[in-house]
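One file, my_file_12.cif, carrying mmCIF, C-alpha atoms:
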```cif
data_final
#
loop_
_atom_site.label_atom_id
_atom_site.label_comp_id
_atom_site.auth_asym_id
_atom_site.auth_seq_id
_atom_site.Cartn_x
_atom_site.Cartn_y
_atom_site.Cartn_z
CA MET A 1268 -48.00 11.99 97.69
CA THR A 1269 -47.75 14.06 94.55
CA GLU A 1270 -44.22 12.92 93.94
CA GLN A 1271 -45.23 9.26 94.37
CA ARG A 1272 -48.10 9.59 91.83
CA THR A 1273 -45.74 11.22 89.33
CA ALA A 1274 -43.20 8.44 89.74
CA ARG A 1275 -45.90 5.81 89.10
CA ARG A 1276 -47.11 7.57 85.88
CA ILE A 1277 -43.63 7.50 84.23
CA PRO A 1278 -43.27 3.66 84.21
CA VAL A 1279 -46.82 3.23 82.96
CA LEU A 1280 -46.28 5.61 80.04
CA GLY A 1281 -43.04 3.87 79.19
CA ILE A 1282 -44.75 0.51 79.17
CA ILE A 1283 -47.51 1.81 76.93
CA ALA A 1284 -44.98 3.32 74.51
CA PHE A 1285 -43.03 0.08 74.43
CA VAL A 1286 -46.16 -1.96 73.72
CA LEU A 1287 -47.18 0.37 70.90
CA LEU A 1288 -43.70 0.23 69.37
CA ALA A 1289 -43.64 -3.55 69.57
CA ALA A 1290 -47.05 -3.75 67.94
CA LEU A 1291 -45.88 -1.48 65.14
CA LEU A 1292 -42.76 -3.54 64.53
CA LEU A 1293 -44.79 -6.73 64.54
CA THR A 1294 -47.22 -5.27 62.00
CA LEU A 1295 -44.37 -4.22 59.72
CA ALA A 1296 -42.80 -7.65 60.01
CA VAL A 1297 -46.07 -9.33 59.12
CA LEU A 1298 -46.60 -7.04 56.12
CA SER A 1299 -43.07 -7.67 54.98
CA ALA A 1300 -43.57 -11.42 55.29
CA VAL A 1301 -46.83 -11.21 53.36
CA LYS A 1302 -45.15 -9.18 50.68
CA GLY A 1303 -42.37 -11.73 50.45
CA VAL A 1304 -44.81 -14.57 50.08
CA ARG A 1305 -46.66 -12.75 47.30
CA THR A 1306 -43.40 -12.04 45.45
CA ALA A 1307 -42.46 -15.70 45.40
CA GLU A 1308 -45.88 -16.99 44.45
CA SER A 1309 -47.39 -14.35 42.12
CA ASN A 1310 -48.72 -16.29 39.18
CA GLY A 1311 -50.85 -15.30 36.23
CA HIS A 1312 -51.69 -15.93 32.61
CA VAL A 1313 -50.57 -13.90 29.62
CA VAL A 1314 -53.30 -11.83 28.00
CA ARG A 1315 -51.32 -10.03 25.29
CA VAL A 1316 -47.90 -8.60 24.51
CA GLU A 1317 -47.81 -4.86 23.91
CA ASP A 1318 -44.16 -4.26 22.97
CA GLY A 1319 -40.77 -5.88 23.37
CA GLN A 1320 -40.72 -5.26 27.13
CA THR A 1321 -44.32 -4.98 28.21
CA PHE A 1322 -47.21 -7.44 28.39
CA VAL A 1323 -50.54 -7.79 30.15
CA VAL A 1324 -51.12 -10.63 32.64
CA ASN A 1325 -54.33 -11.84 34.26
CA MET A 1326 -53.91 -12.45 37.97
CA ASP A 1327 -56.98 -13.90 39.65
CA GLY A 1328 -59.31 -12.01 37.30
CA THR A 1329 -57.36 -8.75 37.52
CA GLU A 1330 -55.29 -7.58 34.58
CA GLU A 1331 -51.92 -6.07 35.33
CA THR A 1332 -49.35 -4.60 32.92
CA VAL A 1333 -45.87 -5.94 33.54
CA THR A 1334 -42.52 -4.55 32.36
CA LEU A 1335 -39.44 -6.78 32.18
CA ALA A 1336 -37.17 -5.71 35.03
CA GLY A 1337 -33.42 -5.12 34.78
CA VAL A 1338 -33.33 -4.61 31.03
CA MET A 1339 -33.89 -1.93 28.39
CA VAL A 1340 -35.65 -2.94 25.22
CA PRO A 1341 -36.02 -0.92 21.99
CA ARG A 1342 -39.42 0.70 21.84
CA PRO A 1343 -41.29 1.76 18.69
CA ALA A 1344 -40.94 5.39 17.65
CA ALA A 1345 -43.83 7.63 18.60
CA GLU A 1346 -46.33 8.32 15.87
CA GLY A 1347 -45.06 11.05 13.56
CA GLU A 1348 -41.47 10.80 14.81
CA GLU A 1349 -38.49 9.60 12.79
CA PRO A 1350 -36.98 6.38 14.20
CA THR A 1351 -33.59 6.70 15.91
CA VAL A 1352 -31.07 4.16 17.17
CA GLU A 1353 -33.14 3.94 20.33
CA ASN A 1354 -35.91 2.38 18.24
CA CYS A 1355 -33.59 -0.09 16.52
CA LEU A 1356 -35.25 -3.53 16.15
CA ALA A 1357 -38.31 -2.53 18.18
CA ASP A 1358 -40.57 -4.61 15.94
CA GLU A 1359 -38.25 -7.60 16.23
CA ALA A 1360 -38.22 -7.27 20.03
CA LEU A 1361 -42.02 -7.25 20.07
CA ALA A 1362 -42.19 -10.29 17.78
CA ASN A 1363 -39.69 -12.21 19.90
CA LEU A 1364 -41.49 -11.49 23.17
CA ALA A 1365 -44.79 -12.46 21.54
CA THR A 1366 -43.20 -15.79 20.62
CA LEU A 1367 -41.94 -16.32 24.17
CA LEU A 1368 -45.21 -15.30 25.83
CA GLU A 1369 -48.26 -16.42 23.94
CA PRO A 1370 -51.78 -15.64 25.19
CA GLY A 1371 -52.80 -18.07 27.90
CA ASP A 1372 -49.25 -18.99 28.91
CA SER A 1373 -48.76 -19.35 32.65
CA VAL A 1374 -46.07 -17.09 34.12
CA GLN A 1375 -44.58 -16.55 37.54
CA LEU A 1376 -43.67 -12.97 38.43
CA GLU A 1377 -40.81 -12.11 40.75
CA TYR A 1378 -41.10 -8.53 41.90
CA PRO A 1379 -38.06 -6.52 42.96
CA GLU A 1380 -38.12 -4.32 46.06
CA GLU A 1381 -38.88 -1.31 43.88
CA SER A 1382 -41.47 -2.73 41.53
CA ASP A 1383 -43.05 0.44 40.19
CA GLY A 1384 -42.45 0.51 36.45
CA PRO A 1385 -43.01 3.20 33.81
CA GLU A 1386 -46.51 4.43 33.05
CA GLY A 1387 -48.14 2.53 35.93
CA THR A 1388 -46.68 -0.87 35.06
CA ARG A 1389 -45.01 -3.27 37.49
CA LEU A 1390 -41.41 -4.37 37.11
CA ALA A 1391 -40.86 -8.11 37.36
CA LEU A 1392 -38.59 -10.98 36.54
CA VAL A 1393 -40.78 -13.22 34.41
CA HIS A 1394 -40.43 -17.00 34.76
CA HIS A 1395 -41.94 -19.15 32.04
CA GLY A 1396 -41.22 -22.71 30.99
CA GLY A 1397 -38.22 -22.94 33.29
CA GLU A 1398 -36.61 -19.86 31.74
CA VAL A 1399 -36.36 -16.21 32.72
CA VAL A 1400 -37.90 -14.21 29.88
CA ASN A 1401 -35.81 -11.15 30.74
CA LEU A 1402 -32.66 -13.20 30.05
CA GLN A 1403 -34.12 -14.67 26.87
CA GLN A 1404 -34.69 -11.22 25.39
CA VAL A 1405 -31.08 -10.29 26.18
CA GLU A 1406 -29.74 -13.54 24.70
CA ALA A 1407 -31.68 -12.82 21.52
CA GLY A 1408 -29.91 -9.45 21.32
CA LEU A 1409 -33.22 -7.63 21.68
CA ALA A 1410 -32.66 -6.20 25.17
CA VAL A 1411 -29.68 -4.84 27.11
CA PRO A 1412 -28.92 -4.98 30.86
CA LEU A 1413 -29.51 -1.89 32.97
CA PRO A 1414 -26.84 -0.70 35.44
CA GLU A 1415 -29.15 -1.28 38.42
CA GLN A 1416 -30.53 -4.77 38.82
CA PRO A 1417 -33.59 -6.08 40.70
CA ARG A 1418 -31.71 -8.72 42.66
CA GLU A 1419 -28.20 -9.64 43.63
CA GLY A 1420 -26.39 -11.85 41.12
CA PHE A 1421 -28.80 -11.19 38.28
CA ALA A 1422 -26.42 -8.67 36.68
CA GLY A 1423 -23.89 -11.43 36.03
CA GLU A 1424 -26.51 -13.59 34.34
CA LEU A 1425 -27.53 -10.69 32.15
CA ARG A 1426 -23.91 -9.95 31.17
CA GLU A 1427 -23.44 -13.57 30.15
CA ALA A 1428 -26.63 -13.41 28.09
CA GLN A 1429 -25.43 -10.19 26.45
CA GLU A 1430 -22.06 -11.74 25.57
CA THR A 1431 -23.89 -14.69 24.02
CA ALA A 1432 -25.82 -12.29 21.79
CA ARG A 1433 -22.69 -10.28 20.97
CA SER A 1434 -20.55 -13.30 20.05
CA GLY A 1435 -23.41 -14.72 17.98
CA GLU A 1436 -24.02 -11.35 16.32
CA SER A 1437 -27.69 -11.58 17.20
CA GLY A 1438 -30.21 -8.75 17.20
CA LEU A 1439 -28.62 -5.47 18.23
CA TYR A 1440 -25.16 -6.91 17.47
CA SER A 1441 -25.92 -8.07 13.95
CA SER A 1442 -24.02 -6.46 11.08
CA ALA A 1443 -26.92 -7.36 8.80
CA GLU A 1444 -29.23 -4.83 10.50
CA PRO A 1445 -28.70 -1.28 9.16
CA CYS A 1446 -29.74 0.38 12.43
CA THR A 1447 -27.20 -1.39 14.66
CA LEU A 1448 -23.68 -0.13 15.27
CA ALA A 1449 -22.23 -3.18 13.54
CA GLY A 1450 -24.71 -2.67 10.71
CA ARG A 1451 -23.59 0.92 10.24
CA ILE A 1452 -19.85 0.19 10.57
CA GLY A 1453 -19.68 -3.28 9.04
CA PRO A 1454 -20.52 -2.49 5.39
CA ALA A 1455 -18.12 0.45 5.30
CA LEU A 1456 -15.40 -1.65 6.94
CA ALA A 1457 -15.97 -4.50 4.46
CA THR A 1458 -15.78 -2.08 1.52
CA LEU A 1459 -12.54 -0.58 2.81
CA GLU A 1460 -10.99 -3.99 3.45
CA ASP A 1461 -12.01 -5.35 0.02
CA LEU A 1462 -10.54 -2.57 -2.12
CA PRO A 1463 -8.83 -3.80 -5.33
CA GLN A 1464 -5.13 -4.59 -4.89
CA ASP A 1465 -4.17 -4.90 -8.58
CA ARG A 1466 -1.88 -2.12 -9.78
CA PRO A 1467 -3.29 -0.25 -12.78
CA THR A 1468 -1.46 -0.31 -16.08
CA THR A 1469 -3.25 2.68 -17.63
CA SER A 1470 -4.33 6.07 -16.35
CA ALA A 1471 -7.95 5.10 -17.10
CA GLU A 1472 -7.65 2.09 -14.78
CA ALA A 1473 -6.03 4.31 -12.15
CA GLU A 1474 -8.87 6.81 -12.45
CA THR A 1475 -11.43 4.03 -11.96
CA GLN A 1476 -9.62 2.79 -8.85
CA ILE A 1477 -9.41 6.35 -7.49
CA GLU A 1478 -13.18 6.65 -7.84
CA VAL A 1479 -13.70 3.31 -6.05
CA ILE A 1480 -11.31 4.20 -3.20
CA SER A 1481 -12.77 7.70 -2.83
CA ALA A 1482 -16.28 6.28 -2.52
CA ALA A 1483 -15.08 3.77 0.09
CA VAL A 1484 -13.32 6.49 2.09
CA GLU A 1485 -16.44 8.65 1.98
CA GLN A 1486 -18.53 5.70 3.19
CA GLY A 1487 -16.05 5.09 6.01
CA VAL A 1488 -16.05 8.73 7.10
CA THR A 1489 -19.85 8.70 7.18
CA ALA A 1490 -19.88 5.47 9.20
CA GLU A 1491 -17.32 6.90 11.61
CA LYS A 1492 -19.88 9.49 12.69
CA ALA A 1493 -21.91 6.70 14.32
CA PHE A 1494 -19.38 6.55 17.16
CA ALA A 1495 -20.21 10.12 18.13
CA THR A 1496 -23.79 9.09 18.96
CA ILE A 1497 -22.63 6.70 21.68
CA ASP A 1498 -21.73 8.16 25.07
CA PRO A 1499 -20.59 5.46 27.51
CA GLU A 1500 -21.67 7.68 30.39
CA GLU A 1501 -25.29 7.74 29.23
CA THR A 1502 -27.98 5.22 30.09
CA SER A 1503 -29.38 4.87 26.59
CA LEU A 1504 -30.05 1.81 24.49
CA ALA A 1505 -27.18 2.69 22.13
CA SER A 1506 -24.71 3.21 24.97
CA LEU A 1507 -25.73 0.12 26.94
CA ALA A 1508 -25.69 -2.04 23.82
CA TRP A 1509 -22.62 -0.80 21.95
CA ALA A 1510 -20.31 1.20 24.21
CA ALA A 1511 -18.19 -1.90 24.78
CA ASP A 1512 -17.89 -2.44 21.00
CA VAL A 1513 -16.81 1.10 20.16
CA PRO A 1514 -13.04 0.77 20.85
CA ARG A 1515 -12.70 -2.42 18.79
CA LEU A 1516 -14.80 -1.24 15.87
CA GLN A 1517 -13.29 2.24 15.93
CA GLU A 1518 -9.77 0.83 15.82
CA LYS A 1519 -10.62 -1.40 12.85
CA LEU A 1520 -12.42 1.35 10.96
CA THR A 1521 -9.70 3.92 11.63
CA GLY A 1522 -7.03 1.49 10.47
CA ALA A 1523 -8.93 0.65 7.30
CA LEU A 1524 -9.60 4.33 6.60
CA THR A 1525 -5.96 5.26 7.10
CA ALA A 1526 -4.84 2.51 4.74
CA ALA A 1527 -7.43 3.51 2.12
CA GLN A 1528 -6.42 7.17 2.31
CA ALA A 1529 -2.78 6.16 1.83
CA ASP A 1530 -3.83 4.03 -1.16
CA LEU A 1531 -5.74 6.99 -2.55
CA LYS A 1532 -2.68 9.23 -2.33
CA ALA A 1533 -0.45 6.56 -3.90
CA MET A 1534 -3.00 5.92 -6.64
CA ASP A 1535 -3.12 9.62 -7.45
CA SER A 1536 0.67 9.61 -7.91
CA THR A 1537 0.44 6.46 -10.01
CA ARG A 1538 -2.17 8.08 -12.22
CA ASN A 1539 0.08 11.11 -12.77
CA VAL A 1540 3.02 8.88 -13.70
CA LEU A 1541 0.87 6.85 -16.09
CA GLN A 1542 -0.55 10.01 -17.65
CA THR A 1543 2.99 11.32 -18.24
CA ARG A 1544 4.06 8.03 -19.81
CA GLU A 1545 0.97 7.90 -21.98
CA ARG A 1546 1.47 11.50 -23.09
CA GLU A 1547 5.11 10.76 -23.97
CA GLU A 1548 4.04 7.61 -25.81
CA LEU A 1549 1.44 9.55 -27.78
CA GLU A 1550 4.04 12.17 -28.65
CA ARG A 1551 6.46 9.43 -29.71
CA GLN A 1552 3.81 7.78 -31.85
CA ALA A 1553 2.88 11.14 -33.34
CA GLU A 1554 6.55 11.83 -34.14
CA GLU A 1555 6.91 8.39 -35.69
CA LYS A 1556 3.78 9.00 -37.71
CA ARG A 1557 5.07 12.40 -38.79
CA GLN A 1558 8.41 10.93 -39.79
CA ALA A 1559 6.71 8.07 -41.59
CA GLU A 1560 4.53 10.55 -43.47
CA ALA A 1561 7.57 12.66 -44.34
CA GLU A 1562 9.37 9.52 -45.59
CA ARG A 1563 6.31 8.55 -47.58
CA GLN A 1564 6.14 11.99 -49.14
CA ARG A 1565 9.89 11.92 -49.85
CA GLU A 1566 9.61 8.55 -51.53
CA ALA A 1567 6.59 9.74 -53.47
CA ALA A 1568 8.52 12.82 -54.58
CA GLU A 1569 11.45 10.65 -55.61
CA ARG A 1570 9.16 8.33 -57.52
CA GLN A 1571 7.53 11.31 -59.19
CA ALA A 1572 10.93 12.82 -60.06
CA GLU A 1573 12.10 9.47 -61.41
CA ALA A 1574 8.94 9.18 -63.44
CA GLN A 1575 9.44 12.67 -64.78
CA ARG A 1576 13.09 11.90 -65.57
CA GLU A 1577 12.12 8.72 -67.33
CA ALA A 1578 9.43 10.58 -69.24
CA ALA A 1579 11.93 13.26 -70.23
CA GLU A 1580 14.38 10.60 -71.35
CA ARG A 1581 11.69 8.86 -73.33
CA GLN A 1582 10.70 12.18 -74.88
CA ALA A 1583 14.33 13.00 -75.67
CA GLU A 1584 14.83 9.54 -77.13
CA ALA A 1585 11.72 9.98 -79.22
CA GLN A 1586 12.99 13.34 -80.42
CA ARG A 1587 16.41 11.81 -81.23
CA GLU A 1588 14.74 8.99 -83.10
CA LYS A 1589 12.58 11.49 -84.97
CA ALA A 1590 15.62 13.59 -85.81
CA GLN A 1591 17.46 10.47 -86.95
CA ARG A 1592 14.53 9.48 -89.13
CA GLU A 1593 14.32 12.96 -90.58
CA GLU A 1594 18.09 12.97 -91.17
CA ALA A 1595 17.89 9.56 -92.81
CA GLU A 1596 15.05 10.73 -95.00
CA ARG A 1597 16.99 13.86 -95.92
CA GLN A 1598 20.06 11.83 -96.72
CA ALA A 1599 17.94 9.45 -98.75
CA ARG A 1600 16.51 12.33 -100.72
CA GLU A 1601 19.95 13.79 -101.15
CA GLU A 1602 21.32 10.51 -102.35
CA GLN A 1603 18.39 10.16 -104.72
CA ARG A 1604 18.95 13.66 -106.00
CA GLN A 1605 22.60 13.00 -106.46
CA ALA A 1606 21.82 9.75 -108.18
CA GLU A 1607 19.39 11.45 -110.46
CA ALA A 1608 21.93 14.17 -111.11
CA SER A 1609 24.56 11.61 -111.88
CA ALA A 1610 22.18 9.83 -114.15
CA SER A 1611 21.32 13.05 -115.89
CA ALA A 1612 24.97 13.94 -116.27
CA ALA A 1613 25.70 10.55 -117.67
CA ALA A 1614 22.88 10.92 -120.11
CA SER A 1615 24.18 14.31 -121.20
CA ALA A 1616 27.64 12.97 -121.67
CA SER A 1617 26.33 10.14 -123.77
CA ALA A 1618 24.38 12.54 -125.91
CA SER A 1619 27.43 14.65 -126.51
CA ALA A 1620 29.38 11.67 -127.66
CA PHE A 1621 26.75 10.67 -130.18
CA PRO A 1622 25.16 13.89 -131.52
CA SER A 1623 21.60 13.62 -132.76
CA PRO A 1624 20.28 15.23 -135.91
CA THR A 1625 19.76 18.93 -135.66
CA PRO A 1626 16.34 19.35 -134.27
CA THR A 1627 13.80 21.49 -135.87
CA PRO A 1628 12.96 24.67 -134.10
CA SER A 1629 9.78 23.20 -132.81
CA SER A 1630 11.66 20.17 -131.42
CA SER A 1631 14.20 22.35 -129.72
CA ALA A 1632 11.54 24.41 -128.05
CA ALA A 1633 9.63 21.36 -126.87
CA SER A 1634 12.54 19.45 -125.37
CA PRO A 1635 14.05 20.96 -122.34
CA SER A 1636 17.76 21.02 -121.89
CA PRO A 1637 19.43 18.98 -119.23
CA THR A 1638 20.32 22.17 -117.45
CA ASP A 1639 16.71 23.25 -117.27
CA SER A 1640 15.77 19.81 -115.98
CA ASP A 1641 18.30 20.00 -113.19
CA ASP A 1642 17.20 23.51 -112.23
CA SER A 1643 13.57 22.57 -112.07
CA GLU A 1644 14.38 19.53 -109.93
CA ASP A 1645 16.33 21.67 -107.55
#
```
Mind converting the file's structure to structure tokens?
Amino acid sequence: MTEQRTARRIPVLGIIAFVLLAALLLTLAVLSAVKGVRTAESNGHVVRVEDGQTFVVNMDGTEETVTLAGVMVPRPAAEGEEPTVENCLADEALANLATLLEPGDSVQLEYPEESDGPEGTRLALVHHGGEVVNLQQVEAGLAVPLPEQPREGFAGELREAQETARSGESGLYSSAEPCTLAGRIGPALATLEDLPQDRPTTSAEAETQIEVISAAVEQGVTAEKAFATIDPEETSLASLAWAADVPRLQEKLTGALTAAQADLKAMDSTRNVLQTREREELERQAEEKRQAEAERQREAAERQAEAQREAAERQAEAQREKAQREEAERQAREEQRQAEASASAAASASASAFPSPTPTPSSSAASPSPTDSDDSED
């Protein structure tokens, strides 16, 4: 009897356990179905946008904070903190989402299996106006896809949206934004690629070009440091946004830097050559000037010597003329004296031929003799 009662209890317990298990499975299935229905039909109205990835929605009188699923969006820097690349274009992302989701707009929320978001928010794919807002933020270049996605196939859509932003140089891919990778590399690359190609003709021009090239190289070296901040293994905004661009940009920047550094070396050699030529030219000009000055001084000395010679000749001529005049005057006096002497002699001879009466003593004393006259004249 005891064995029979024991045998009856075992099937009963098994039946009870089976019923309980079936009930549990049914309950789970129902809950899962309910959850699925809610995911497909969760609707609400936008209350406000809080940042580029988060907004508040009113669902049947209850406000819920929703975070865009499957993407990472730049967030504003915390108060008192310096912005980093992770905060790049946070304000623009907020403004764009606020344009897409205005207060009162009706939205449909598609929740992933794991819908718990950061800081008590709920992750969701947000449908509005026939578009998926998550994709729109990525297409605008203001969000990047995460490695893990909320649903199958959505990763491909996000990659296409990201390529659209990249090819259009929108948002995080714009070279006009200083905080983006392209914005940090682009200006330096443009400067390096636009260096002057004209060869200098003077050492001053070469020096100016050396300064320009040196500044461009320094700018390129500084920009090159931006690559070190991007680790393709990390799940950061910078890595997710720009890791794929690093090889291309790095190759271009490295090539431009190498060419600029070669130009700098060549320009330094050119400057040295030009300085040597200019120094030789200055020395040649100085030698020509020295020789010209020596020639000028030689000619001046010759002119001075010629002037002195001419002056000496004039002086000698004047002295000769003076001597000639004096000699002529002397000869004239001599001739006059001789003439007077001849005249006196003639007079004496005439007197001897015709003697005069004997003079009285007083007459003889008063009249000088011809001899005395000649002596006094001499």
* To do: Considering all atoms listed in the file, state which residue in the set A:Arg1418, A:Arg1466, A:Arg1600, A:Lys1589 is at the smallest distance from Glu1377 of chain A.
  =>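 Of A:Arg1418, A:Arg1466, A:Arg1600, A:Lys1589, the one nearest Glu1377 of chain A is A:Arg1418, counting all atoms listed in the file.
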* May I have the protein, DNA and RNA residues with an atom at most 8 Å from (-52.0, -14.2, 30.8), counting only C-alpha atoms in the file's coordinates, returned as a list in words? =>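 So the residues meeting the distance criterion are Gly1311, His1312, Val1313, Val1314, Arg1315, Val1323, Val1324, Asn1325, Met1326, Pro1370, Gly1371, Asp1372, Ser1373 and Val1374 of chain A.
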* **Pairwise distance for atom CA of Glu1430 of chain A and atom CA of Gln1517 of chain A, rounded to one decimal in Å** => 19.1 Å
* **Surrounding residues of Thr1332 of chain A excluding itself and chain neighbours under 6 positions, 8 Å, only C-alpha atoms, as a list in words** =>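 Surrounding residues, per the criterion: Thr1321, Phe1322, Val1323, Val1324, Gly1387, Thr1388 and Arg1389 of chain A.
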Please tabulate, as CSV, the residues of segment 1387-1466 of chain A that come within 12 Å of segment 1534-1558 of chain A, each with its closest pair of atoms and the distance in Å to one decimal, counting all atoms listed in the file and ordering rows by chain, then residue number upward.
```
residue,atom,partner,partner_atom,distance
A:Pro1463,CA,A:Met1534,CA,11.4
A:Gln1464,CA,A:Met1534,CA,10.9
A:Asp1465,CA,A:Met1534,CA,11.1
A:Arg1466,CA,A:Met1534,CA,8.7
```
* Rounded to one decimal in Å, what is the spacing between atom CA of Pro1379 of chain A and atom CA of Val1316 of chain A? ->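 Here the two named atoms are 21.0 Å from each other.
Of the listed residues A:Ser1441, A:Gln1486, A:Gln1571, A:Gln1429, the one whose atoms come nearest to Leu1507 of chain A is A:Gln1429, with distances taken using all atoms listed in the file.
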* **Minimum-distance residue to Ala1455 of chain A, chosen among A:Ser1434, A:Gln1591, A:Thr1521, A:Gln1403 (using only C-alpha atoms)** => A:Thr1521
* To do: For each of A:Asn1354, A:Thr1475, A:Ser1619, A:Gln1586, take the minimum atom-to-atom distance to Thr1447 of chain A, counting all atoms listed in the file, then give the residue where this is smallest.
  => A:Asn1354
Residues matched by the PyMOL selection byres ((chain A and resi 1400) around 12) as a PDB file with C-alpha atoms, keeping the file's coordinate frame:
```pdb
ATOM      1  CA  GLY A1319     -40.770  -5.880  23.370  1.00  0.00           C
ATOM      2  CA  GLN A1320     -40.720  -5.260  27.130  1.00  0.00           C
ATOM      3  CA  THR A1321     -44.320  -4.980  28.210  1.00  0.00           C
ATOM      4  CA  PHE A1322     -47.210  -7.440  28.390  1.00  0.00           C
ATOM      5  CA  THR A1334     -42.520  -4.550  32.360  1.00  0.00           C
ATOM      6  CA  LEU A1335     -39.440  -6.780  32.180  1.00  0.00           C
ATOM      7  CA  ALA A1336     -37.170  -5.710  35.030  1.00  0.00           C
ATOM      8  CA  GLY A1337     -33.420  -5.120  34.780  1.00  0.00           C
ATOM      9  CA  VAL A1338     -33.330  -4.610  31.030  1.00  0.00           C
ATOM     10  CA  ASN A1363     -39.690 -12.210  19.900  1.00  0.00           C
ATOM     11  CA  LEU A1364     -41.490 -11.490  23.170  1.00  0.00           C
ATOM     12  CA  ALA A1365     -44.790 -12.460  21.540  1.00  0.00           C
ATOM     13  CA  THR A1366     -43.200 -15.790  20.620  1.00  0.00           C
ATOM     14  CA  LEU A1367     -41.940 -16.320  24.170  1.00  0.00           C
ATOM     15  CA  LEU A1368     -45.210 -15.300  25.830  1.00  0.00           C
ATOM     16  CA  VAL A1374     -46.070 -17.090  34.120  1.00  0.00           C
ATOM     17  CA  GLN A1375     -44.580 -16.550  37.540  1.00  0.00           C
ATOM     18  CA  LEU A1376     -43.670 -12.970  38.430  1.00  0.00           C
ATOM     19  CA  GLU A1377     -40.810 -12.110  40.750  1.00  0.00           C
ATOM     20  CA  ALA A1391     -40.860  -8.110  37.360  1.00  0.00           C
ATOM     21  CA  LEU A1392     -38.590 -10.980  36.540  1.00  0.00           C
ATOM     22  CA  VAL A1393     -40.780 -13.220  34.410  1.00  0.00           C
ATOM     23  CA  HIS A1394     -40.430 -17.000  34.760  1.00  0.00           C
ATOM     24  CA  HIS A1395     -41.940 -19.150  32.040  1.00  0.00           C
ATOM     25  CA  GLY A1396     -41.220 -22.710  30.990  1.00  0.00           C
ATOM     26  CA  GLY A1397     -38.220 -22.940  33.290  1.00  0.00           C
ATOM     27  CA  GLU A1398     -36.610 -19.860  31.740  1.00  0.00           C
ATOM     28  CA  VAL A1399     -36.360 -16.210  32.720  1.00  0.00           C
ATOM     29  CA  ASN A1401     -35.810 -11.150  30.740  1.00  0.00           C
ATOM     30  CA  LEU A1402     -32.660 -13.200  30.050  1.00  0.00           C
ATOM     31  CA  GLN A1403     -34.120 -14.670  26.870  1.00  0.00           C
ATOM     32  CA  GLN A1404     -34.690 -11.220  25.390  1.00  0.00           C
ATOM     33  CA  VAL A1405     -31.080 -10.290  26.180  1.00  0.00           C
ATOM     34  CA  GLU A1406     -29.740 -13.540  24.700  1.00  0.00           C
ATOM     35  CA  ALA A1407     -31.680 -12.820  21.520  1.00  0.00           C
ATOM     36  CA  LEU A1409     -33.220  -7.630  21.680  1.00  0.00           C
ATOM     37  CA  ALA A1410     -32.660  -6.200  25.170  1.00  0.00           C
ATOM     38  CA  LEU A1425     -27.530 -10.690  32.150  1.00  0.00           C
ATOM     39  CA  ALA A1428     -26.630 -13.410  28.090  1.00  0.00           C
TER      40      ALA A1428
END
```
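Computed from the coordinates, the atom CA of Cys1446 of chain A to atom CA of Glu1353 of chain A distance equals 9.3 Å.
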* To do: Could you list the residues chosen by the PyMOL selection byres ((chain A and resi 1488) around 12) in this structure as a PyMOL selection string?
  => chain A and resi 1451-1452+1455-1456+1459+1481-1487+1489-1495+1517+1520-1521+1523-1525+1527-1528
* **Best match for closeness to Glu1419 of chain A among A:Ser1437, A:Ala1529, A:Ser1503, A:Glu1380, counting all atoms listed in the file** =>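 Of A:Ser1437, A:Ala1529, A:Ser1503, A:Glu1380, the one nearest Glu1419 of chain A is A:Glu1380, counting all atoms listed in the file.
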* Mind checking which residues fall within 8 Å of Asp1318 of chain A, counting only C-alpha atoms, ignoring those fewer than 4 positions away in the same chain, and posting them as a PyMOL selection string? => chain A and resi 1322+1342-1343+1357-1358+1360-1361+1364
* Polymer residues at most 10 Å from (-36.8, -0.7, 44.9) by all atoms listed in the file, as an MDAnalysis selection string -> chainID A and resid 1378:1383 1390 1416:1418
* **Among listed residues A:Glu1562, A:Pro1445, A:Met1339, A:Ala1610, nearest Glu1415 of chain A (using all atoms listed in the file)** =>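 Checking each candidate against Glu1415 of chain A, we get A:Met1339 as the closest.
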